[in-house]
Structures are given as C-alpha cells and as structure tokens.
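Only one structure is covered here, and it is reproduced in the block below.
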Number of protein chains: 2
Amino acid sequence: MKTITISEVEDYDGEEVTIKGWLYNRRSSGGIQFIQIRDGTGIIQGVLKEDSVGNELFEKTLDLKRESSLLVRGTVKEDERAPIGYELEVSGVEVQHSVQDDFPITPKEHGPGFLMDNRHLWIRAKGAAPVLRIRHELLQALRDFFDEKGLVATEGPILTGVSVEGTTTLFETDYFGEEAYLTQSSQLYLEATAAALDEVYWIGPVFRAEKSKTRKHLTEFWMAEAELSWVEHEENLDFQEDMVHYVVKRVANERWDELTRLDVAPESLIEMVEKPFPRITYKEAVEIVNEAGEEMEYGEDFGAPAEAALGDHFKKPVFIEAFPRELKPFYMEPMPGDERVYAADLIAPDGYGELIGGSQRIDDLDLLKQRLDEEGLPHEPYEWYLDLRRYGSVPHSGFGLGVERTIAWICGLDHVRETIPFPRQINRIYP
Amino acid sequence: MKTITISEVEDYDGEEVTIKGWLYNRRSSGGIQFIQIRDGTGIIQGVLKEDSVGNELFEKTLDLKRESSLLVRGTVKEDERAPIGYELEVSGVEVQHSVQDDFPITPKEHGPGFLMDNRHLWIRAKGAAPVLRIRHELLQALRDFFDEKGLVATEGPILTGVSVEGTTTLFETDYFGEEAYLTQSSQLYLEATAAALDEVYWIGPVFRAEKSKTRKHLTEFWMAEAELSWVEHEENLDFQEDMVHYVVKRVANERWDELTRLDVAPESLIEMVEKPFPRITYKEAVEIVNEAGEEMEYGEDFGAPAEAALGDHFKKPVFIEAFPRELKPFYMEPMPGDERVYAADLIAPDGYGELIGGSQRIDDLDLLKQRLDEEGLPHEPYEWYLDLRRYGSVPHSGFGLGVERTIAWICGLDHVRETIPFPRQINRIYP
C-alpha cells in the first residue's frame, strides 16, 4: 500500500493508501466520526464508521487529542462536498504520538501576545500554512525575475562596520574586540559587486532596532535588493514596475487556492498590478494627502495615515519621486540644480505603506565625500565605498523591497508578524 | 546602434554595437592597441588601429588607467584566436570615468591581507567573477532540488535566545535589554516549521565566533539546511546523496566555462559524485585514518589531516555515521542500546573536510529533557523546542550543508574566503 501526501489524493481515487499527518480537528455523531488530518500539503477529512472499523479503533480514535501524529490508512473517495474534492474512508489508524495536553491554539480567538509566545505551534493553525507557502512563492518569483534579467545573486555580509540607514537603529555586537553592527541593508555592498558583475541582487535578512511598535515593522526582516550598473532613475523605476507586476501576478496565479483560503481575490491582485503604475512627485503626493484631509507639510515624512490616503487615491501601487534631500540618506543622486534627489518610494494600496525604497546613487567622489561630511559621518569606515567612485565609477541605481510588507499586502493581513515564521519585534525574541 | 552585453556578441557578428564596461587590461604595439573590456558577463578584446580611429582617440585611450569605465563603440568580428571567439573593431571610446590612481589589484601576486583589505576591488579581478557565478548557480541548484522535492522554504530567525551548537562560539547582542545571540543554525526552528509543513528548508547566513584561523572557517557563513518529518536516518542520507549528486552535476554542466577558467575539469566533478557514496562508521573511519599514518584515538574528533586521509582513501564524498554521542550535540537520536547516535557527516574529497552534518533528531520528550540535563543546558529557553515533542512528535531528520566549503571544493580553491563576496574571519570586519 502506498504512503502518499494529501496533495496527491486525486491520483489515488478508489485506492487504499496511508497518509502520515496530524489530527487537525474532529467531530463525531453517533456511530460516525469525521477526523481532519493535515500534513504539509493540505487537509483531508477521514470518515470512521464504528460499524466498519470496529469498536476498539473507533474508541481509540475518539480519545485522540488535537495534533496527535498518526498514520491513517483508508480508501480515497471522490466527494464533491469535500473542500479538496476527496475524502478518506478510514480503515486503520496507527498512533505515532498521542498528545497528552490540549493543544494551546484553539479555534477560539487568542490575544496576539499568546499567539506570539506560541508561534512555534501557531504556524500549524488555519491560515498560517497558506501564508508561508505564499512567502516561498514570492521569494522564488523574485529570484526567477532577477535571474531571467541576468542579475547575479551576491551576498552582502550581516556583520558590518558601516551604517546604511542612520545610526539610531543599529544592533551592535562585540566582534573580537571591535564594534560591529547587524546590517540594515546590503546596498553599499551590492554597489561593490555591481561594479564587478554589472547587475546584482540579494534576498536576505536585515535589521533595524526600531523602538516603535507598529503593524508594519519588525526588527529583523527580509529585503530583496538589487543594484544596476549604468541604470539611471527612470529605468530603475521601470525595472521595479516590471518586477512587482511579474511577482504579484505569479503569486496570484500559482497560489490561487491559498489566496482564496485567505479570502483574497487573486484576480483583483492581478488587476491592481497592471502597468503602468502612477508616478508622482513628493510635492504632488503632499497635496493629495492634504486634499484627503490628512494634514502634512512639505518636508515631512509620510506617516501611516498619509500612506493610506495615497493608497486610497490610486488604488494601485504608486511611485513617489523627487524627494527633498533631507528626508533621505546621504548616498542619493541630487536632481540638477535642485535640493531634491532621484529617490522613489513605491507605496502600496490599502494602507500597506512603503513596499520599495530606491534611488539613483551618487557616482561622483567629491560629491559623495561632501554628503558624508554634511551628515556628520566619518570617512574611514566608508573608504571602501568611496573606492567605488575612485575606480571606474558609473551611473547606477538600486532599490530594496520589503518582503514582509509585500506579503502582508498580497495576503491582506493586518500585521507583518504573520508573514514570517518567527517574527522579531521590540521585546520579542522568543520562540 | 544597439548597446549589448559581452555575452551577447555572437548574435551581432559584423554589426556595430556599443558595449558598456570597464578597462580590464591593455597592450599596445606601434600603431595598434588591444584593450580588454570587461562587463558583468565576460571579457572581450577591442582592437584600435591608429590609422582608422585617428590620433586623438588613440592617444586618449593610451592614457586610460585600468578599471576606467567606458562606452566602447565598435564592430563585432568573429575571430577564432579570441577566447570568446569574437573581437571588437573599435571605432569610438566614450569615457564615463577616467581613473586617476593605479588600480590596487595588479596581475602580480598580492598577500592575502592586502587582498582582503581590498575585497571590494579584488572581486573585479580574474578568477573572482567565475567563483561568484558558481556560487549563484549552486544556491539556485539547491533551491531547485528542494522545491522539486516539495519542501517549503521557511526562514529561521538570525536573532535567537537559544544555542544550537554549544555556547562557546556565540556572537551576542543587546536586544532591548535582553541577551540575544546570532544563530549558529536554523535547525531547531526548522524542526518547528517541519511539524507544520512536513518538509522544509532554508538557505541563509549563520554565525560562529570561531577563534581559530583556518582555511575552512568563516565567522559568518551560509548553510543550506533541511528538516524532514517522518524521515529516519538512512532515508536522510539518501536525500543528501541525491542532493549533492544533483547540485554538483548541475554546476558542472551549467558552469562548464567558469570551471574551466578556474582550471577545474567539470567531467571529473561529475564522476566524483556518482552514486552511491560510501557509508562507513565512525569506528571504521578511525581505522582508515590510522592506517593512513594519521594517529587518532576512538572518541576524538576528526582534524584536518584525518579528513584529508579519508578524502584520499575514497576519492569521493563519504558518509561517516554512528558517532559516539559525546562528540555530537544534545538533540541527536541514540542508536538502540548503544552510546552512539544516528548522526552522519559527509566528508569531501581532497581535504575539503565536512560538507554536511546531519542526524536523526530525538523525538521523545523525556529523552530530550534528559539530554539537556546531561549537557547542563537550561530548559527554559528550549521550552518551545520541547513543545514539538509534546504535540504530535514524529521521527524526523535533517542536515546542514556548508555552502562555502562546497564551493571551495567544487572550484578547487585554497581558502573558503574566496567563495563569498565579503568574507568575515577573526579580526576581519572590513570592508
């Protein structure tokens, strides 16, 4: 008899098989029990009739607590009422491990603190597996997009001596007597590998010791970053637009079932990422925000309500460009004769905020030194970065996409903490 | 006129094109100059004849220093003497950035300290690009193998409160007043996601504050880790064998040119990973090492000379299994009635050492608690890990492959520091 996964049942209609899994739920009614079995690939309902399986097995199964691990033997039967189209007519149950205590995560509502303390078990609950599968699909879609465009994957280090996004949100560690930081972004390193390999990307974890507790921030999160030699501002936006269009469409098509289970309509995602995305200046964005009744001044950063207003206005991803220089880090290329820089943020619809931050990078050595000075940053840890402007500097641009926010937006989740297996927030290092 | 990459020249034979790149090398002889241009995709030789291009352009080009960035216009000409089969008959050179100082990395020998200080420039030199492209191919091959087998990619956190491989090599950081460590392995977390999703993997950075300075150790390195529910020891080895066979063959076939440039014979790699790989016990391995003249006692760990002796003996990857318990971490499943555990290391040929460490994991709660106690480890930070044995425990196994050692072995490199863009070693945090 074959041991199969739940995703394979349609190939075994009418056959007797074994499924290895966990008891997800059960209800019984008189001489009949319905047990839901989950494995990594799905959930199937098994039907036990006391008449057929005998009293001993029937009673044993009735005693099993949730999440007990089982080898369930039975015959696959097509059944159009079943969510996956098939049921299992159970003929035998071998108990691998009989759970003694009630499983902490129940169908009733739990507070977020409790769920986060039990994240290692929460990931087994309804809704978690689809999100993690969508995460996998998104990351692989990003890689496929980059690979198809000829970019080379190159890794920036996690342990660094330099700050990319300012010094207030750095995690520090003692590195054999020296001070080291956890990277906030691989951008500076990708600029180096881009000068060697032309166009490069990396997808990996970055760190911000954010003291704020919002639904859009984690202290450890994943970025998909790319650096493109010889690419200037407009072409950088075209690249990002193509990328978001491709990956969201792919996730929608490949994870239609998972999205539907999360009450997301895949077709509306596909519609939302139709090209082109609007491109407006920071100044225009400030006006739209004010017209929407959210007061803000020119020169302020967008807060959550402002981002929500922009999302409501466009109902699709929108590029905000031409930011005042003082709102952005030191390395961004100035617009000619202007106090603005060639930066752009891509803002998501529905209040999910900034999905991508990108810019053209300064390629002139003297200007870059001047900007370091203006920001009060020492030259020494950046000497290698300055070298990139000493030896064959080229116009180049890049960006970083926040993986968790993108997943939260795609999946329609309230909080980014559900988009990653083990979220890290302020005061949250367990499990 | 089209702007193309060097890898595209074969489609433009006889046509005039522009190539954007960096001046890699130059020699001249009378009224003729040969300039080597590199872009991210390859190196092409451009030919400038003073008679054709005129004195002004000829002189200007003669003055250019290495790594100057250029837009080179010219006609693609097939030439069987050229390494890539084509040359460029140059008609114009637009200088993007003229380098003022001599490029620090020259064709002459440099000491490793100097090269490491200039790693951001060293990656542009001969030999570096092929290794980084092979790294990209290996990582993508691993992902494709896992995806094809139905594993789900799930990320372990970098910041953790638990130790996987002992407490002596941990990097610490202050996490909002709590002590946190940089992960040594995602294994424990993958055991949790495997209980939710059946079979999972992750490829990412891990950390060991190794005080030793060897050619096989970095403080920050990448692991490819997998955890497989319902899989026991032997099947775990089968999986690893299939994986190494697949990824090495794929790299050999897809990166034949790059390997050849590194003086590696791809066909001998393919031969080396023919299945099956020998499987011997730790005890047998100790005997082989002693027979080879490297003295070691039963109960000792393999040192570099012992690993080299094993590599020489088998001339292909070899699994060493049935290790004494005291040589291995607390979580490994004991062999029945024995002081040994279901662990296996995969040792590379040619002295590259341990490529993979893996084991079956303890699935019994009481036994796992006992092992924590025996190792003097507190239960509290591991409570969530113990929960995995409280709720639906199943036999399961997993492993971690060292990405850098695998690349060093494939590429025949002396030191793992050349296998990653920005290596981190003791006292090495720059660039």
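In the structure tokens, chains take the letters A, B, ... in the order shown, each chain's residues start at 1, and ligands count up from 1 in the order shown.
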* **segment 176-303 of chain A: residues DSSP assigns to helix (DSSP H, G or I), reported as a ChimeraX atom specification** => /A:187-197,233-254,256-261,266-272,282-291
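For Arg208 of chain A, the set of protein, DNA and RNA residues having any atom at most 8 Å away, when counting only C-alpha atoms and skipping those fewer than 2 positions along the same chain, is Thr169, Leu170, Phe171, Gln184, Val206, Glu210, Leu218, Thr219 and Glu220 of chain A.
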* **Residues of chain A within 6 Å of chain B, only C-alpha atoms counted, as a list in words** => Gly40, Glu67, Ser68, Ser69, His97, Val99, His120, Arg124, His136, Ala153, Glu172, Thr173, Ala192, Ala196, Leu197, Asp198, Tyr391, Gly392 and Ser393 of chain A
* Take atom CA of Val72 of chain B and atom CA of Leu262 of chain B and report the distance between them in Å, one decimal. => 27.8 Å
* Looking at only C-alpha atoms, which of A:Val76, A:Leu327, A:Ile43, A:Val93 is the one that sits closest to Thr61 of chain A? -> A:Val93
* To do: Any chance you could list, as an MDAnalysis selection string, the residues in segment 193-239 of chain B that come up strand (DSSP E) when DSSP is run on the backbone?
  => chainID B and resid 199:207 220:229
* Asked: Which one is closest to Glu321 of chain B: B:Pro336, B:Pro378, B:Pro278, B:Gly353? Count only C-alpha atoms.
  -> B:Pro278
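Pairwise distance (atom CA of Leu62 of chain A, atom CA of Tyr12 of chain A) equals 26.8 Å.
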